[in-house]
Structures are given as structure tokens and as C-alpha cells.
Amino acid sequence: MRVTGVSRGGFWTGLSVSSTLSNPSTRPGLRLPGRVTLAAEGEDVPVRRIRLGLVAQVEPEDPGAPRRLVQYHHWTVAGRFVVPAGRRRAVDFAVPLPWETPVTVFGGVPLMTLRTGLRTEVSVDPDLDQGEMVPVLIHPLPTQQHLLAALGTLGFVMRQAGLQQGRLPVVEQTLPFQQRLGFWVAPLYAGPITELEVIMLTNSAGMEVLFWLDRRLALAGVTHQSISRFRVWHAGADRRDWVSTVDGWLRHAIDRHAAAAAHADWSATIRESAHVSRAPDQPVAPGYGLGGTAGSAGVGGSGAGDGT
């Protein structure tokens with residue numbers, strides 16, 4: 001499947017721009033291949049540079065402010081050149097997506113209103129950039145896929161998905177926002193919590209998962225929040241019992257959450273667990289894990305979750 005975006009024309013510059021993706025479906029960490037084609041009309045057009053950028057709607061840190069379009073990553077794919085009058089010039093590219101690129105598709109279905117696009121900016125002179133955008137469909141990495149599927153198996157239902165501007169303390173984060181997925185709590189875990197928010201931060205070796213737990217008493221106006229962190233490696237993801245692992249993470253997080261609010265009469269712990277918490281594996285050595293591609297199962301140990 002090929003996706004093409006065409007600029008509205010070059011009335012001021014005499015240049016039209018079209019961008020084509022040979023396959024708009026991809027994953028974080030993979031290269032996104034495509035081509036930018038420029039056509040000059042009545043005279044030669046000098047181009048200063050061509051730049052590509054990933055763009056998405058992001059919720060600002062101020063909850064009262066509207067969402068805004070943010071370009072969160074970019075690449076320069078061509079420098080100065082001239083497009084002769086009446087001729088075309090094609091520039092091929094294969095740009096690497098950041099490992100933290102937000103997932104927009106799960107199970108072949110778009111995640112709520114999440115969208116991301118690739119914007120092409122052609123700088124023709126110091127005062128004018130011509131830009132247009134094509135959609136990009138970001139599918140989850142295997143570790144992300146397994147985590148989301150396990151939450152569904154355990155009874156959690158996604159209720160919202162968004163990108164929140166800002167950086168989280170302590171964790172490694174390269175993009176200026178985090179992807180947050182909100183879930184209705186499964187009946188088995190209801191009581192100690194009423195809301196679950198999941199944040200997935202990935203790199204070439206593995207994924208850090210944050211469970212943001214909230215217990216609200218609407219009538220009393222009381223709320224209690226806590227965050228628990230877990231780590232898993234890409235290597236061996238297909239051999240892991242994900243339902244047991246995620247169940248263990250949830251029970252560990254809920255017990256911590258309830259213990260922190262032990263003074264409240266609504267706090268409770270979950271005693272039985274299908275997962276035994278243990279120390280994390282050693283980091284995956286260079287050249288292991290996914291080996292630079294999001295589709296590979298990778299090599300290495302089974303990888304254990306880490307709850308902190």
C-alpha cells in the first residue's frame with residue numbers, strides 16, 4: 001500500500017511537492033521509507049533543504065489549554081539543489097523512527113483519536129517553507145502488543161488514549177511527551193483502585209512500564225494516586241507468560257497503592273498472586289535484543305519483570 005500527500009501547489013515558488021510512503025504501517029525503531037518528488041513550473045527553483053518531521057496532537061501540561069499540533073522529531077534528508085524549469089526531482093529517504101514513537105494502531109484498529117503524520121517541509125528561500133503531511137500508522141512492538149493483549153485478557157477495557165506533554169522524573173525519556181492509555185479497571189482488581197493509566201517507554205533493549213493507579217471517592221472528594229514501575233526486555237518476549245506477568249505487576253502495584261493509603265477505610269490488598277517478583281535481568285548486550293528491527297524476536301534470556 002502506498003500513501004501520497006501533495007502540497008496545494010507553489011503559487012509563490014513555482015514548485016509543487018508530493019510525498020509518498022511505500023508502506024505507511026510500521027513500528028517504533030524501524031526505518032520508514034519513502035520519496036519526496038518536486039516539480040518546477042516556469043523557471044528554475046533553488047531549494048535550500050528538505051526536512052521531514054513526525055507530527056501529533058499533544059495535550060499540554062495545563063489541563064485547561066487545548067491540544068496542539070507538535071512536531072516531535074525531524075530529519076534533514078537533502079541540502080541545497082536546483083529543480084530545473086519544467087523538470088522533476090525525486091529524493092528517496094529511509095528515516096529511523098524513535099523507539100518512543102507513540103503507538104496509534106492496536107489489533108488493526110486505530111487507538112481512539114491518536115494520529116501521527118509525516119510532514120515534509122521544503123525550504124525554498126529564507127522566508128518560505130512549503131509543507132504537507134501524510135499519515136503514518138504505528139503498530140506496537142511485540143512487548144507492547146503482549147502487554148496490551150494481557151490487559152484485555154485480564155478484563156481491562158481501554159477508555160482513553162492520548163499524548164501528554166512534559167517529562168516524567170527518574171525514567172529515561174527522549175520525546176517531549178508520554179503516551180498514556182487509560183483503562184476501565186477489571187472486576188478482579190476493582191475496589192482498591194478505580195482507574196488505571198499505563199505508560200510504555202521503549203528503547204532498543206526493552207520497555208519500561210508505568211502503572212498509574214488512582215482511587216477516587218466522588219462523593220467524599222477524596223483521591224489517592226500512586227505510580228509503580230516495571231521493566232521487561234524485548235528478548236524472549238514471545239516465551240513469556242504475559243498474563244501471569246501482568247497480573248503480578250498489577251497485584252504488586254495495588255498492594256503498594258493500598259499500603260500508602262492504609263489510613264483510609266477503603267484501602268485493601270490483594271493477597272494471592274500468580275507472579276513472583278524478582279530482580280531484573282542484566283541489560284541486553286549490544287547487538288542483542290531486537291537487533292535494530294522491531295519485527296525480530298531477538299536473542300537472549302527470558303527477561304524478568306522488575307517492580308519498584
# chains A, B, ... in the order shown; residues from 1 in each chain; ligands from 1
>>> closest_atom_pairs(of="stretch 239-262 of chain A", to="stretch 195-219 of chain A", cutoff="10 Å", atoms="only C-alpha atoms", output="JSON lines")
{"residue": "A:Trp249", "atom": "CA", "partner": "A:Phe211", "partner_atom": "CA", "distance": 8.6}
{"residue": "A:Leu250", "atom": "CA", "partner": "A:Phe211", "partner_atom": "CA", "distance": 7.9}
{"residue": "A:Ala253", "atom": "CA", "partner": "A:Phe211", "partner_atom": "CA", "distance": 7.3}
{"residue": "A:Ile254", "atom": "CA", "partner": "A:Leu213", "partner_atom": "CA", "distance": 7.6}
{"residue": "A:His257", "atom": "CA", "partner": "A:Leu213", "partner_atom": "CA", "distance": 7.2}
{"residue": "A:Ala258", "atom": "CA", "partner": "A:Arg215", "partner_atom": "CA", "distance": 9.4}
{"residue": "A:Ala261", "atom": "CA", "partner": "A:Arg215", "partner_atom": "CA", "distance": 9.9}
>>> write_last_selection(atoms="N, CA and C atoms", output="PDB file, in the first residue's frame")
ATOM      1  N   TRP A 249       2.364  -7.832  38.178  1.00  0.00           N
ATOM      2  CA  TRP A 249       2.640  -6.400  38.244  1.00  0.00           C
ATOM      3  C   TRP A 249       1.473  -5.654  38.881  1.00  0.00           C
ATOM      4  N   LEU A 250       0.266  -5.969  38.434  1.00  0.00           N
ATOM      5  CA  LEU A 250      -0.916  -5.273  38.939  1.00  0.00           C
ATOM      6  C   LEU A 250      -1.099  -5.502  40.431  1.00  0.00           C
ATOM      7  N   ALA A 253       1.505  -3.578  42.345  1.00  0.00           N
ATOM      8  CA  ALA A 253       1.211  -2.141  42.322  1.00  0.00           C
ATOM      9  C   ALA A 253       0.025  -1.808  43.220  1.00  0.00           C
ATOM     10  N   ILE A 254      -1.006  -2.646  43.196  1.00  0.00           N
ATOM     11  CA  ILE A 254      -2.190  -2.385  44.011  1.00  0.00           C
ATOM     12  C   ILE A 254      -1.866  -2.517  45.495  1.00  0.00           C
ATOM     13  N   HIS A 257      -0.093   0.573  46.451  1.00  0.00           N
ATOM     14  CA  HIS A 257      -1.058   1.663  46.425  1.00  0.00           C
ATOM     15  C   HIS A 257      -1.915   1.658  47.690  1.00  0.00           C
ATOM     16  N   ALA A 258      -2.401   0.470  48.063  1.00  0.00           N
ATOM     17  CA  ALA A 258      -3.251   0.370  49.245  1.00  0.00           C
ATOM     18  C   ALA A 258      -2.471   0.620  50.526  1.00  0.00           C
ATOM     19  N   ALA A 261      -2.120   4.140  51.463  1.00  0.00           N
ATOM     20  CA  ALA A 261      -3.353   4.772  51.938  1.00  0.00           C
ATOM     21  C   ALA A 261      -3.987   3.923  53.030  1.00  0.00           C
TER      22      ALA A 261
END
>>> residues_around(residues="A:Glu121", least_positions_apart="4", cutoff="7 Å", atoms="only C-alpha atoms", output="number ranges by chain")
A: 50-52, 129-132
>>> closest_residue(among="A:Ala190, A:Val157, A:Leu147, A:Val91", to="A:Val232", atoms="only C-alpha atoms")
A:Leu147
>>> select_by_dssp(residues="stretch 5-97 of chain A", states="strand (DSSP E or B)", output="number ranges by chain")
A: 5-6, 15-21, 25-26, 31-40, 45-47, 49-59, 68-78, 81-83, 88-96
>>> residues_around(residues="A:Asp125", least_positions_apart="2", cutoff="8 Å", atoms="only C-alpha atoms", output="VMD selection string")
chain A and resid 46 to 48 123 127 to 129
